[in-house]
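final.cif (mmCIF, C-alpha atoms) appears below.
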data_upload
loop_
_atom_site.label_atom_id
_atom_site.label_comp_id
_atom_site.auth_asym_id
_atom_site.auth_seq_id
_atom_site.Cartn_x
_atom_site.Cartn_y
_atom_site.Cartn_z
CA MET A 1 -21.42 -148.70 -19.87
CA THR A 2 -18.79 -151.39 -19.98
CA LEU A 3 -16.41 -152.18 -22.78
CA HIS A 4 -17.15 -155.43 -24.53
CA PHE A 5 -13.76 -156.53 -25.70
CA ASN A 6 -11.73 -159.22 -24.01
CA LYS A 7 -10.61 -157.78 -20.70
CA GLU A 8 -8.11 -160.56 -20.09
CA SER A 9 -5.78 -159.57 -22.88
CA THR A 10 -2.49 -157.90 -21.94
CA TYR A 11 -2.80 -155.73 -25.02
CA THR A 12 -6.11 -154.41 -23.81
CA HIS A 13 -4.59 -153.29 -20.52
CA ALA A 14 -1.62 -151.77 -22.29
CA ILE A 15 -3.90 -149.85 -24.62
CA ILE A 16 -6.10 -148.60 -21.78
CA LEU A 17 -3.08 -147.44 -19.79
CA GLY A 18 -1.61 -145.89 -22.94
CA ILE A 19 -4.81 -143.96 -23.66
CA PHE A 20 -4.93 -142.61 -20.11
CA CYS A 21 -1.28 -141.59 -20.25
CA LEU A 22 -1.80 -139.89 -23.59
CA GLY A 23 -4.97 -138.15 -22.44
CA PHE A 24 -3.48 -136.79 -19.22
CA GLY A 25 -0.24 -135.99 -21.02
CA VAL A 26 -2.16 -133.78 -23.44
CA PHE A 27 -4.10 -132.25 -20.53
CA LEU A 28 -0.88 -131.33 -18.73
CA ALA A 29 0.82 -130.11 -21.89
CA LEU A 30 -2.14 -127.77 -22.49
CA THR A 31 -2.02 -126.53 -18.90
CA GLU A 32 1.71 -125.93 -19.20
CA TRP A 33 1.25 -124.14 -22.53
CA ILE A 34 -1.47 -121.85 -21.15
CA THR A 35 0.29 -121.01 -17.88
CA HIS A 36 3.84 -120.84 -19.27
CA ASP A 37 4.11 -117.07 -19.80
CA SER A 38 2.43 -116.17 -16.50
CA VAL A 39 4.67 -118.53 -14.55
CA LEU A 40 7.78 -116.98 -16.12
CA ALA A 41 6.50 -113.47 -15.43
CA ARG A 42 5.82 -114.35 -11.78
CA ALA A 43 9.29 -115.89 -11.37
CA MET A 44 10.81 -112.70 -12.82
CA GLU A 45 8.80 -110.53 -10.39
CA ASP A 46 9.88 -112.68 -7.45
CA ARG A 47 13.53 -112.39 -8.43
CA GLN A 48 13.19 -108.62 -8.88
CA ASN A 49 11.57 -108.34 -5.47
CA SER A 50 14.30 -110.30 -3.75
CA LEU A 51 17.01 -108.35 -5.58
CA SER A 52 15.42 -105.02 -4.71
CA GLN A 53 15.91 -105.85 -1.03
CA VAL A 54 19.68 -105.94 -1.45
CA MET A 55 20.01 -103.38 -4.28
CA PRO A 56 18.14 -100.11 -3.81
CA ALA A 57 16.22 -98.94 -6.86
CA GLU A 58 18.07 -95.58 -6.89
CA ILE A 59 21.36 -97.09 -7.97
CA HIS A 60 20.19 -98.63 -11.22
CA ASP A 61 18.21 -97.87 -14.35
CA ASN A 62 18.51 -101.34 -15.87
CA ASN A 63 16.82 -104.62 -14.98
CA PRO A 64 19.46 -106.50 -12.95
CA VAL A 65 17.57 -109.78 -13.38
CA LEU A 66 18.42 -109.71 -17.07
CA ASP A 67 21.96 -108.36 -16.67
CA THR A 68 23.80 -111.38 -15.36
CA LEU A 69 27.25 -112.83 -15.39
CA THR A 70 28.44 -116.25 -14.22
CA ILE A 71 31.68 -116.58 -12.29
CA GLN A 72 33.14 -119.61 -10.53
CA ASP A 73 33.84 -119.07 -6.85
CA GLY A 74 36.75 -120.56 -4.88
CA GLU A 75 34.88 -123.79 -4.30
CA GLY A 76 34.02 -124.34 -7.94
CA ARG A 77 30.39 -123.25 -7.69
CA ASP A 78 28.93 -121.26 -10.55
CA ILE A 79 27.73 -117.99 -9.06
CA THR A 80 25.21 -115.94 -10.99
CA VAL A 81 25.91 -112.26 -10.48
CA TYR A 82 23.15 -109.70 -11.07
CA ARG A 83 24.50 -106.31 -12.06
CA ALA A 84 22.94 -102.94 -11.34
CA ARG A 85 23.92 -100.25 -13.82
CA LYS A 86 23.26 -96.58 -14.10
CA ALA A 87 23.99 -94.93 -17.44
CA GLY A 88 25.89 -98.04 -18.45
CA LEU A 89 28.28 -98.07 -15.50
CA VAL A 90 28.08 -100.91 -13.01
CA THR A 91 26.98 -99.39 -9.68
CA GLY A 92 26.49 -102.58 -7.73
CA VAL A 93 26.27 -106.35 -7.92
CA ALA A 94 24.19 -108.96 -6.13
CA TYR A 95 24.86 -112.65 -5.82
CA GLU A 96 24.34 -115.65 -3.60
CA THR A 97 26.81 -116.66 -0.93
CA PHE A 98 26.80 -119.78 1.23
CA GLY A 99 27.59 -120.65 4.81
CA SER A 100 27.13 -123.61 7.08
CA GLY A 101 24.74 -123.25 9.96
CA TYR A 102 23.67 -125.50 12.77
CA ALA A 103 21.59 -127.65 10.45
CA GLY A 104 23.16 -127.63 7.02
CA GLN A 105 23.73 -125.04 4.38
CA MET A 106 22.41 -121.49 4.57
CA LYS A 107 22.03 -119.44 1.41
CA TYR A 108 22.29 -115.66 1.43
CA MET A 109 21.80 -112.99 -1.21
CA ILE A 110 24.13 -110.05 -0.79
CA GLY A 111 24.29 -106.73 -2.62
CA VAL A 112 27.63 -104.94 -2.88
CA ASP A 113 28.22 -101.49 -4.35
CA ALA A 114 31.04 -100.66 -6.75
CA ASN A 115 33.34 -99.69 -3.86
CA GLY A 116 32.89 -102.97 -2.04
CA TYR A 117 30.41 -101.77 0.61
CA LEU A 118 27.43 -103.97 1.47
CA LEU A 119 24.11 -102.65 0.18
CA GLY A 120 22.14 -105.32 1.97
CA VAL A 121 22.01 -108.95 3.00
CA ARG A 122 19.04 -111.34 3.13
CA VAL A 123 18.85 -115.03 3.90
CA LEU A 124 17.30 -116.97 1.03
CA SER A 125 17.09 -120.42 2.59
CA HIS A 126 18.23 -122.16 5.74
CA LYS A 127 17.26 -125.05 8.02
CA GLU A 128 18.13 -123.43 11.36
CA THR A 129 16.12 -124.16 14.50
CA PRO A 130 12.84 -122.19 14.61
CA GLY A 131 12.86 -119.75 17.51
CA LEU A 132 16.63 -119.87 17.99
CA GLY A 133 18.64 -119.72 14.79
CA ASP A 134 15.97 -118.26 12.56
CA LYS A 135 16.55 -114.71 13.82
CA ILE A 136 18.75 -114.31 10.74
CA GLU A 137 15.48 -113.84 8.80
CA ILE A 138 14.31 -110.27 8.30
CA LYS A 139 10.83 -111.45 9.35
CA LYS A 140 12.11 -112.51 12.78
CA GLY A 141 14.41 -109.62 13.63
CA ASP A 142 16.67 -106.87 12.30
CA TRP A 143 19.96 -108.63 13.08
CA ILE A 144 20.72 -109.01 9.38
CA LEU A 145 20.37 -105.25 8.78
CA GLN A 146 23.52 -104.37 10.76
CA PHE A 147 25.67 -105.54 7.85
CA THR A 148 24.45 -102.82 5.50
CA GLY A 149 27.27 -100.31 4.88
CA LEU A 150 30.06 -102.58 6.11
CA SER A 151 32.97 -103.68 3.99
CA ILE A 152 36.03 -105.87 4.27
CA GLY A 153 38.09 -103.15 6.02
CA ASN A 154 35.22 -101.80 8.08
CA PRO A 155 35.31 -103.42 10.57
CA PRO A 156 38.87 -104.75 10.22
CA ILE A 157 39.06 -108.35 9.11
CA GLU A 158 39.82 -109.72 12.60
CA LYS A 159 36.54 -108.21 13.85
CA TRP A 160 34.46 -110.10 11.24
CA LYS A 161 33.41 -112.63 13.89
CA VAL A 162 30.70 -113.03 16.50
CA LYS A 163 31.45 -111.46 19.89
CA LYS A 164 32.09 -114.84 21.47
CA ASP A 165 35.01 -115.31 19.07
CA GLY A 166 36.33 -111.79 19.69
CA GLY A 167 34.53 -110.10 16.83
CA GLN A 168 31.91 -107.37 16.73
CA PHE A 169 28.66 -109.16 15.82
CA ASP A 170 26.10 -110.31 18.39
CA GLN A 171 25.32 -113.99 18.65
CA PHE A 172 21.79 -115.07 19.60
CA THR A 173 20.83 -116.41 22.99
CA GLY A 174 21.10 -120.15 22.66
CA ALA A 175 22.46 -120.04 19.11
CA THR A 176 26.04 -119.14 18.28
CA ILE A 177 26.68 -121.44 15.36
CA THR A 178 24.05 -119.81 13.14
CA PRO A 179 25.36 -116.21 13.39
CA ARG A 180 28.93 -117.47 13.17
CA GLY A 181 28.06 -119.17 9.89
CA ALA A 182 26.19 -116.08 8.71
CA VAL A 183 29.13 -113.74 9.39
CA LYS A 184 31.46 -116.14 7.60
CA ALA A 185 29.12 -116.42 4.60
CA ILE A 186 28.91 -112.63 4.28
CA LEU A 187 32.66 -112.22 4.65
CA ASN A 188 33.16 -114.91 1.98
CA GLY A 189 30.79 -112.96 -0.24
CA LEU A 190 32.86 -109.80 0.19
CA GLN A 191 36.07 -111.68 -0.49
CA PHE A 192 34.49 -113.02 -3.67
CA PHE A 193 33.86 -109.41 -4.68
CA ASP A 194 37.48 -108.50 -3.95
CA ALA A 195 38.83 -111.44 -5.90
CA HIS A 196 36.73 -110.69 -8.98
CA ARG A 197 36.33 -106.92 -8.70
CA ALA A 198 37.67 -106.11 -12.18
CA GLN A 199 35.53 -108.72 -13.86
CA LEU A 200 32.41 -107.73 -11.93
CA LEU A 201 32.66 -104.03 -12.69
CA GLU A 202 33.82 -104.38 -16.27
CA VAL A 203 31.57 -102.57 -18.74
CA ASN A 204 30.83 -104.60 -21.81
CA MET B 205 -25.89 -148.92 -4.36
CA ALA B 206 -29.27 -147.58 -5.42
CA THR B 207 -29.27 -144.15 -3.85
CA ALA B 208 -26.19 -142.69 -2.30
CA ASN B 209 -26.32 -141.90 1.39
CA TYR B 210 -24.85 -138.41 1.42
CA ASN B 211 -25.34 -138.02 5.16
CA ARG B 212 -23.21 -141.09 5.73
CA ILE B 213 -20.53 -139.81 3.30
CA ILE B 214 -20.34 -136.46 5.09
CA ARG B 215 -20.22 -138.00 8.58
CA ASP B 216 -17.62 -140.57 7.50
CA GLY B 217 -15.38 -137.99 5.88
CA LEU B 218 -15.46 -135.43 8.66
CA TRP B 219 -15.52 -137.64 11.73
CA ASP B 220 -16.51 -141.32 11.80
CA ASN B 221 -13.92 -142.49 9.28
CA ASN B 222 -11.63 -139.45 9.28
CA GLY B 223 -8.59 -139.99 7.08
CA VAL B 224 -6.07 -138.95 9.72
CA LEU B 225 -7.78 -139.60 13.03
CA VAL B 226 -9.32 -143.00 12.22
CA MET B 227 -7.65 -144.43 9.13
CA LEU B 228 -4.24 -142.95 10.08
CA LEU B 229 -3.47 -142.24 6.43
CA GLY B 230 -1.52 -139.32 5.06
CA MET B 231 0.84 -139.24 8.02
CA CYS B 232 3.67 -137.67 6.01
CA PRO B 233 1.92 -134.33 5.33
CA THR B 234 0.26 -134.54 8.75
CA MET B 235 3.63 -134.57 10.51
CA ALA B 236 5.44 -132.23 8.16
CA MET B 237 2.86 -129.53 7.58
CA THR B 238 1.31 -128.96 10.98
CA THR B 239 3.86 -126.60 12.52
CA SER B 240 1.13 -123.96 12.47
CA ALA B 241 -2.64 -123.92 12.09
CA THR B 242 -2.35 -121.89 8.88
CA ASN B 243 0.00 -124.44 7.31
CA GLY B 244 -2.36 -127.26 8.26
CA LEU B 245 -5.32 -125.40 6.83
CA GLY B 246 -3.52 -124.63 3.57
CA MET B 247 -2.26 -128.17 3.10
CA GLY B 248 -5.70 -129.56 3.94
CA LEU B 249 -7.55 -127.34 1.46
CA ALA B 250 -5.08 -128.06 -1.36
CA THR B 251 -5.46 -131.79 -0.67
CA ALA B 252 -9.26 -131.48 -0.64
CA VAL B 253 -9.24 -129.89 -4.12
CA VAL B 254 -7.03 -132.65 -5.51
CA MET B 255 -9.12 -135.37 -3.82
CA ALA B 256 -12.39 -134.00 -5.16
CA ALA B 257 -11.04 -133.74 -8.72
CA SER B 258 -9.37 -137.17 -8.62
CA ASN B 259 -12.43 -138.91 -7.16
CA LEU B 260 -14.59 -137.28 -9.82
CA MET B 261 -12.35 -138.42 -12.67
CA VAL B 262 -11.91 -141.97 -11.42
CA ALA B 263 -15.65 -142.35 -10.89
CA ALA B 264 -16.31 -141.02 -14.38
CA PHE B 265 -13.83 -143.44 -15.97
CA ARG B 266 -14.47 -146.33 -13.58
CA ASN B 267 -15.91 -148.62 -16.26
CA TYR B 268 -12.90 -148.19 -18.50
CA ILE B 269 -10.19 -148.76 -15.92
CA THR B 270 -9.43 -152.46 -15.71
CA GLN B 271 -8.41 -154.11 -12.47
CA GLU B 272 -4.88 -154.79 -13.72
CA VAL B 273 -3.92 -151.23 -14.59
CA ARG B 274 -5.96 -149.38 -11.99
CA ILE B 275 -3.07 -148.48 -9.67
CA PRO B 276 -0.91 -146.76 -12.34
CA VAL B 277 -4.01 -145.00 -13.67
CA TYR B 278 -4.94 -143.73 -10.19
CA ILE B 279 -1.42 -142.48 -9.59
CA LEU B 280 -1.45 -140.84 -13.01
CA ILE B 281 -4.74 -139.09 -12.22
CA VAL B 282 -3.61 -137.85 -8.79
CA ALA B 283 -0.27 -136.68 -10.17
CA ALA B 284 -1.93 -134.92 -13.12
CA ASN B 285 -4.33 -133.10 -10.81
CA VAL B 286 -1.52 -132.07 -8.48
CA THR B 287 0.51 -130.73 -11.39
CA PHE B 288 -2.53 -128.90 -12.74
CA VAL B 289 -3.20 -127.24 -9.37
CA ASP B 290 0.49 -126.43 -8.99
CA LEU B 291 0.80 -124.74 -12.40
CA THR B 292 -2.46 -122.80 -12.33
CA MET B 293 -1.87 -121.54 -8.79
CA ASN B 294 1.65 -120.50 -9.68
CA ALA B 295 0.38 -118.56 -12.68
CA TRP B 296 -2.81 -116.95 -11.39
CA MET B 297 -2.81 -117.13 -7.59
CA HIS B 298 0.83 -116.37 -7.02
CA GLU B 299 0.57 -114.88 -3.52
CA LEU B 300 -1.24 -117.99 -2.32
CA TYR B 301 1.22 -120.13 -4.23
CA LYS B 302 4.13 -118.62 -2.33
CA VAL B 303 2.55 -119.87 0.89
CA LEU B 304 1.23 -123.23 -0.35
CA GLY B 305 3.68 -123.93 -3.15
CA LEU B 306 5.92 -126.07 -1.00
CA PHE B 307 3.07 -128.30 0.10
CA ILE B 308 1.39 -129.00 -3.20
CA PRO B 309 3.84 -131.52 -4.69
CA LEU B 310 3.67 -133.35 -1.34
CA ILE B 311 0.04 -134.27 -2.06
CA VAL B 312 1.27 -136.96 -4.47
CA SER B 313 2.98 -138.67 -1.55
CA ASN B 314 -0.26 -138.71 0.45
CA CYS B 315 -1.86 -142.14 0.43
CA LEU B 316 -5.27 -140.82 1.47
CA PRO B 317 -6.36 -139.74 -2.06
CA LEU B 318 -5.18 -143.09 -3.46
CA ALA B 319 -7.03 -144.98 -0.73
CA ARG B 320 -10.31 -143.17 -1.48
CA LEU B 321 -9.94 -143.80 -5.21
CA GLU B 322 -9.42 -147.50 -4.59
CA SER B 323 -12.06 -148.06 -1.94
CA PHE B 324 -14.74 -145.57 -2.93
CA ALA B 325 -14.49 -143.69 -6.22
CA SER B 326 -13.79 -146.79 -8.30
CA LYS B 327 -17.08 -148.36 -7.21
CA GLU B 328 -19.48 -145.41 -7.02
CA PRO B 329 -21.18 -143.01 -9.42
CA VAL B 330 -19.79 -139.55 -10.03
CA MET B 331 -21.82 -137.52 -7.51
CA PRO B 332 -21.20 -139.63 -4.39
CA ALA B 333 -17.53 -139.93 -5.39
CA LEU B 334 -17.23 -136.15 -5.70
CA MET B 335 -18.90 -135.69 -2.30
CA ASP B 336 -16.60 -138.29 -0.76
CA GLY B 337 -13.56 -136.50 -2.16
CA ILE B 338 -14.73 -133.14 -0.83
CA PHE B 339 -15.65 -134.35 2.65
CA MET B 340 -12.70 -136.71 3.10
CA GLY B 341 -10.57 -133.72 2.08
CA LEU B 342 -12.34 -131.43 4.55
CA GLY B 343 -11.96 -134.04 7.28
CA PHE B 344 -8.25 -134.10 6.49
CA THR B 345 -8.23 -130.27 6.67
CA LEU B 346 -10.01 -130.38 10.02
CA ALA B 347 -7.50 -132.82 11.51
CA LEU B 348 -4.47 -130.93 10.16
CA THR B 349 -5.77 -127.55 11.32
CA LEU B 350 -6.49 -128.94 14.80
CA ILE B 351 -3.07 -130.58 15.14
CA GLY B 352 -1.44 -127.45 13.70
CA ALA B 353 -3.32 -125.20 16.13
CA ILE B 354 -2.24 -127.25 19.16
CA ARG B 355 1.40 -127.35 18.02
CA GLU B 356 1.39 -123.65 17.17
CA ILE B 357 -0.13 -122.52 20.48
CA THR B 358 2.18 -124.66 22.60
CA GLY B 359 5.25 -124.19 20.41
CA SER B 360 5.17 -120.58 19.24
CA GLY B 361 2.40 -119.07 21.36
CA THR B 362 0.45 -117.87 18.32
CA LEU B 363 -2.65 -119.11 16.53
CA PHE B 364 -3.24 -118.78 12.78
CA ALA B 365 -0.12 -116.62 12.32
CA ASP B 366 0.14 -115.47 8.68
CA ALA B 367 -3.45 -116.50 7.99
CA SER B 368 -3.90 -113.28 6.01
CA LEU B 369 -1.22 -114.45 3.56
CA LEU B 370 -3.24 -117.56 2.89
CA LEU B 371 -6.81 -116.24 3.01
CA GLY B 372 -6.43 -112.55 2.22
CA PRO B 373 -6.11 -109.36 4.31
CA ALA B 374 -9.70 -109.68 5.55
CA PHE B 375 -8.61 -112.55 7.77
CA THR B 376 -5.99 -110.64 9.76
CA PHE B 377 -8.33 -110.83 12.76
CA MET B 378 -7.64 -114.58 12.97
CA GLU B 379 -3.98 -114.01 13.80
CA LEU B 380 -3.79 -114.28 17.56
CA ARG B 381 -0.97 -114.25 20.04
CA ILE B 382 -1.95 -116.53 22.91
CA MET B 383 1.22 -116.23 24.97
CA PRO B 384 4.73 -114.72 24.62
CA ALA B 385 6.97 -116.55 22.16
CA ASP B 386 9.57 -117.23 24.88
CA MET B 387 7.11 -119.44 26.71
CA GLY B 388 6.70 -121.77 23.73
CA VAL B 389 7.94 -125.33 24.00
CA LEU B 390 10.28 -125.60 21.03
CA MET B 391 9.83 -129.37 20.79
CA MET B 392 6.21 -128.94 19.76
CA ILE B 393 7.10 -127.36 16.43
CA LEU B 394 9.94 -129.82 15.82
CA PRO B 395 9.18 -133.32 14.44
CA PRO B 396 8.67 -135.05 17.84
CA GLY B 397 5.85 -132.60 18.58
CA GLY B 398 4.08 -133.81 15.46
CA PHE B 399 4.05 -137.40 16.67
CA LEU B 400 3.02 -136.44 20.20
CA VAL B 401 0.17 -134.15 19.21
CA THR B 402 -1.13 -136.45 16.46
CA GLY B 403 -1.18 -139.34 18.94
CA LEU B 404 -2.97 -137.29 21.57
CA VAL B 405 -5.56 -136.02 19.09
CA VAL B 406 -6.26 -139.58 17.89
CA VAL B 407 -6.74 -140.68 21.52
CA GLY B 408 -8.91 -137.63 22.22
CA LYS B 409 -11.15 -138.43 19.26
CA ARG B 410 -11.62 -142.01 20.49
CA LEU B 411 -12.39 -140.87 24.03
CA LEU B 412 -15.09 -138.56 22.66
CA ASP B 413 -16.54 -141.44 20.66
CA LEU B 414 -16.48 -143.70 23.71
CA ARG B 415 -18.24 -141.09 25.80
CA ALA B 416 -20.88 -140.78 23.08
CA GLY B 417 -21.40 -144.54 23.42
CA LYS B 418 -20.07 -145.44 20.00
CA SER B 419 -17.88 -148.42 19.42
CA ILE B 420 -14.34 -147.56 18.44
CA GLN B 421 -13.34 -148.17 14.86
CA MET B 422 -9.86 -149.53 14.65
CA ALA B 423 -7.47 -148.15 12.09
CA GLY B 424 -7.66 -150.19 8.94
CA ALA B 425 -10.93 -151.89 9.87
CA HIS B 426 -12.58 -149.85 7.13
CA SER B 427 -11.20 -151.14 3.84
CA VAL B 428 -7.63 -150.30 2.75
#

So, in terms of structure tokens, how does the structure I just supplied come out?
Amino acid sequence: MTLHFNKESTYTHAIILGIFCLGFGVFLALTEWITHDSVLARAMEDRQNSLSQVMPAEIHDNNPVLDTLTIQDGEGRDITVYRARKAGLVTGVAYETFGSGYAGQMKYMIGVDANGYLLGVRVLSHKETPGLGDKIEIKKGDWILQFTGLSIGNPPIEKWKVKKDGGQFDQFTGATITPRGAVKAILNGLQFFDAHRAQLLEVN
Amino acid sequence: MATANYNRIIRDGLWDNNGVLVMLLGMCPTMAMTTSATNGLGMGLATAVVMAASNLMVAAFRNYITQEVRIPVYILIVAANVTFVDLTMNAWMHELYKVLGLFIPLIVSNCLPLARLESFASKEPVMPALMDGIFMGLGFTLALTLIGAIREITGSGTLFADASLLLGPAFTFMELRIMPADMGVLMMILPPGGFLVTGLVVVGKRLLDLRAGKSIQMAGAHSV
């Protein structure tokens, strides 16, 4: 089954390539169209799951994924804030905060209640050394859980450091830079809350 | 070719002309995705699906694809299959997607599927091409799982950790701890470990072949 037109012609090649592009384009468009809603639903579930780790279900009766607000932080990044509300009042907020680790940027999600106390912290992404710096993950240890319930005055600001720097948080054996960056990222997150408290808690 | 030699295709794909261990193709995913046996297995299986589908399509269209435009068409077909697998897994096999999702787009950067399209699928009928895609893919899976297992045991002290996330809860029994994590050699799960272990496995495969009295096939001696 071969085609019997002139195979030498540039037009022929162009048409063949065009037909393939069109055909696979349609194939992918159909796939996208069929899977679109499911993919969005899964992304929503994932986001809800990750938010529920830093914002307990008891404090809200809304869907925080849909109740968002965008605020610029001190470094000019647009931060998306997810708000938990109960009976219309904002009871807590969750947002991403950043820190530098041993190997580049680390991204955290923190939940803060209306009084500025941490509801929870989780690392979202990092490139720290496996086996040393990755103890910041909940999967690898409960180090990250010690931040729950803390706030900017508890411990006092000068204690928001790893022990090696005179603070109160443990560093890891063989890895100080990672926890140092983590503590700083969380503190930055709390300071972001302080700086924008009125805007974050505003009922609209 | 009058009748396809399926035995030959299976032996070539799994061992004699293994994509990683003999042809030394697909080194990017081989290095990047073999930090554990489970990762290697997942990457290998996803690649096998894409290779089977791409080989099938190229063989089916082989009389319409002219020599001049074959490379863009092959890339188009591989990329379309990868995108299809990516979208459908994201939508309907989401738990698996969370484990494999990172690897799937990497399949486009793997030159093994492209090499098989060029040297096999474009010249053969549909059935042998499909078989070649499946068994070349499984050979790739075998090599990645083996390299991953060696790196995981020596680096983290576990074997098939998180296999139940990939294969389902029934496979929890596969998750073994061989030695305490503190005894692991960190280098093995970092990039240098990938080069070391891949090199050693390639040598090991050739030593086995030598012992079996076979002549050694050099990388690249077999087309592409």

Return as a compact mmCIF listing (two decimals) with C-alpha atoms, in the frame of the given file the set of residues that the PyMOL selection byres ((chain B) within 8 of (chain A)) yields on the displayed structure.
# COMPACT_ATOMS: atom_id res chain seq x y z
CA ASN B 267 -15.91 -148.62 -16.26
CA TYR B 268 -12.90 -148.19 -18.50
CA ILE B 269 -10.19 -148.76 -15.92
CA THR B 270 -9.43 -152.46 -15.71
CA GLU B 272 -4.88 -154.79 -13.72
CA VAL B 273 -3.92 -151.23 -14.59
CA PRO B 276 -0.91 -146.76 -12.34
CA VAL B 277 -4.01 -145.00 -13.67
CA LEU B 280 -1.45 -140.84 -13.01
CA ILE B 281 -4.74 -139.09 -12.22
CA ALA B 284 -1.93 -134.92 -13.12
CA THR B 287 0.51 -130.73 -11.39
CA PHE B 288 -2.53 -128.90 -12.74
CA LEU B 291 0.80 -124.74 -12.40
CA THR B 292 -2.46 -122.80 -12.33
CA ASN B 294 1.65 -120.50 -9.68
CA ALA B 295 0.38 -118.56 -12.68
CA TRP B 296 -2.81 -116.95 -11.39
CA HIS B 298 0.83 -116.37 -7.02
CA SER B 360 5.17 -120.58 19.24
CA LEU B 390 10.28 -125.60 21.03
CA ILE B 393 7.10 -127.36 16.43

Quick one: residues within 10 Å of Gly244 of chain B, all atoms listed in the file, excluding same-chain residues fewer than 2 positions away - as a compact mmCIF listing (two decimals) with C-alpha atoms, in the coordinates of the input?
# COMPACT_ATOMS: atom_id res chain seq x y z
CA PRO B 233 1.92 -134.33 5.33
CA THR B 234 0.26 -134.54 8.75
CA MET B 235 3.63 -134.57 10.51
CA ALA B 236 5.44 -132.23 8.16
CA MET B 237 2.86 -129.53 7.58
CA THR B 238 1.31 -128.96 10.98
CA THR B 239 3.86 -126.60 12.52
CA SER B 240 1.13 -123.96 12.47
CA ALA B 241 -2.64 -123.92 12.09
CA THR B 242 -2.35 -121.89 8.88
CA GLY B 246 -3.52 -124.63 3.57
CA MET B 247 -2.26 -128.17 3.10
CA GLY B 248 -5.70 -129.56 3.94
CA LEU B 249 -7.55 -127.34 1.46
CA PHE B 307 3.07 -128.30 0.10
CA PHE B 344 -8.25 -134.10 6.49
CA THR B 345 -8.23 -130.27 6.67
CA LEU B 346 -10.01 -130.38 10.02
CA ALA B 347 -7.50 -132.82 11.51
CA LEU B 348 -4.47 -130.93 10.16
CA THR B 349 -5.77 -127.55 11.32
CA LEU B 350 -6.49 -128.94 14.80
CA ILE B 351 -3.07 -130.58 15.14
CA GLY B 352 -1.44 -127.45 13.70
CA ALA B 353 -3.32 -125.20 16.13
CA PHE B 364 -3.24 -118.78 12.78

(Q) Which residues would end up in the selection if the PyMOL selection byres ((chain A and resi 67) around 9) were applied here, given that I need the answer as JSON, numbers by chain? (A) {"A": [62, 63, 64, 65, 66, 68, 69, 81, 82, 83, 84, 85]}

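Taken over the shown file, the PyMOL selection byres ((chain B and resi 325) around 9) identifies Ser258, Asn259, Leu260, Met261, Val262, Ala263, Ala264, Arg266, Arg320, Leu321, Glu322, Ser323, Phe324, Ser326, Lys327, Glu328, Pro329, Val330, Pro332, Ala333, Leu334, Asp336 and Gly337 of chain B.
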
Just to be explicit: take each residue in the selection above, keep C-alpha atoms, and write the result as a short mmCIF file (atom, residue, chain, number, x, y, z; two decimals), in the frame of the given file.
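The resulting file, selection_31.cif, is shown below:
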data_model
loop_
_atom_site.label_atom_id
_atom_site.label_comp_id
_atom_site.auth_asym_id
_atom_site.auth_seq_id
_atom_site.Cartn_x
_atom_site.Cartn_y
_atom_site.Cartn_z
CA SER B 258 -9.37 -137.17 -8.62
CA ASN B 259 -12.43 -138.91 -7.16
CA LEU B 260 -14.59 -137.28 -9.82
CA MET B 261 -12.35 -138.42 -12.67
CA VAL B 262 -11.91 -141.97 -11.42
CA ALA B 263 -15.65 -142.35 -10.89
CA ALA B 264 -16.31 -141.02 -14.38
CA ARG B 266 -14.47 -146.33 -13.58
CA ARG B 320 -10.31 -143.17 -1.48
CA LEU B 321 -9.94 -143.80 -5.21
CA GLU B 322 -9.42 -147.50 -4.59
CA SER B 323 -12.06 -148.06 -1.94
CA PHE B 324 -14.74 -145.57 -2.93
CA SER B 326 -13.79 -146.79 -8.30
CA LYS B 327 -17.08 -148.36 -7.21
CA GLU B 328 -19.48 -145.41 -7.02
CA PRO B 329 -21.18 -143.01 -9.42
CA VAL B 330 -19.79 -139.55 -10.03
CA PRO B 332 -21.20 -139.63 -4.39
CA ALA B 333 -17.53 -139.93 -5.39
CA LEU B 334 -17.23 -136.15 -5.70
CA ASP B 336 -16.60 -138.29 -0.76
CA GLY B 337 -13.56 -136.50 -2.16
#

Q | Distance of atom CA of Cys232 of chain B from atom CA of Leu412 of chain B, expressed in Å to one decimal place | A |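 A separation of 25.1 Å between them.
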
Q. Do you have the atom CA of Gly217 of chain B-atom CA of Gly343 of chain B distance handy?
A.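 Atom CA of Gly343 of chain B lies at a distance of 5.4 Å from atom CA of Gly217 of chain B.
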
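Straight-line separation from atom CA of Leu371 of chain B to atom CA of Met293 of chain B: 13.8 Å.
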
Q. Hey, which of B:Leu414, B:Val289, B:Met391, B:Val303 ends up closest to Ala252 of chain B? Count all atoms listed in the file.
A.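 Closest residue, counting all atoms listed in the file: B:Val289.
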
Q: For Met55 of chain A, list every protein, DNA or RNA residue within 8 Å, evaluated using only C-alpha atoms, and leave out those in the same chain fewer than 2 positions away; present the list as a PyMOL selection string.
A: chain A and resi 51-53+57+59+84+92-94+111-112+119-120

Q: Just the residues within 7 Å of Leu218 of chain B, please, counting all atoms listed in the file, with nothing from its chain fewer than 2 positions along; format it as a ChimeraX atom specification.
A: /B:214-216,220,222,339-340,342-343

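Compared by their closest atoms to Asp134 of chain A, and using all atoms listed in the file, the residues A:Thr173, A:Ser100, A:Thr178, A:Asn115 rank with A:Thr178 nearest.
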
Q) Residues around (30.1, -120.8, -5.0), cut-off 10 Å, counting all atoms listed in the file - what are they as a list in words? A)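 Residues with an atom close enough to that point: Ile71, Gln72, Asp73, Gly74, Glu75, Gly76, Arg77, Asp78, Ile79, Thr80, Tyr95, Glu96, Thr97, Phe98, Asn188, Gly189 and Phe192 of chain A.
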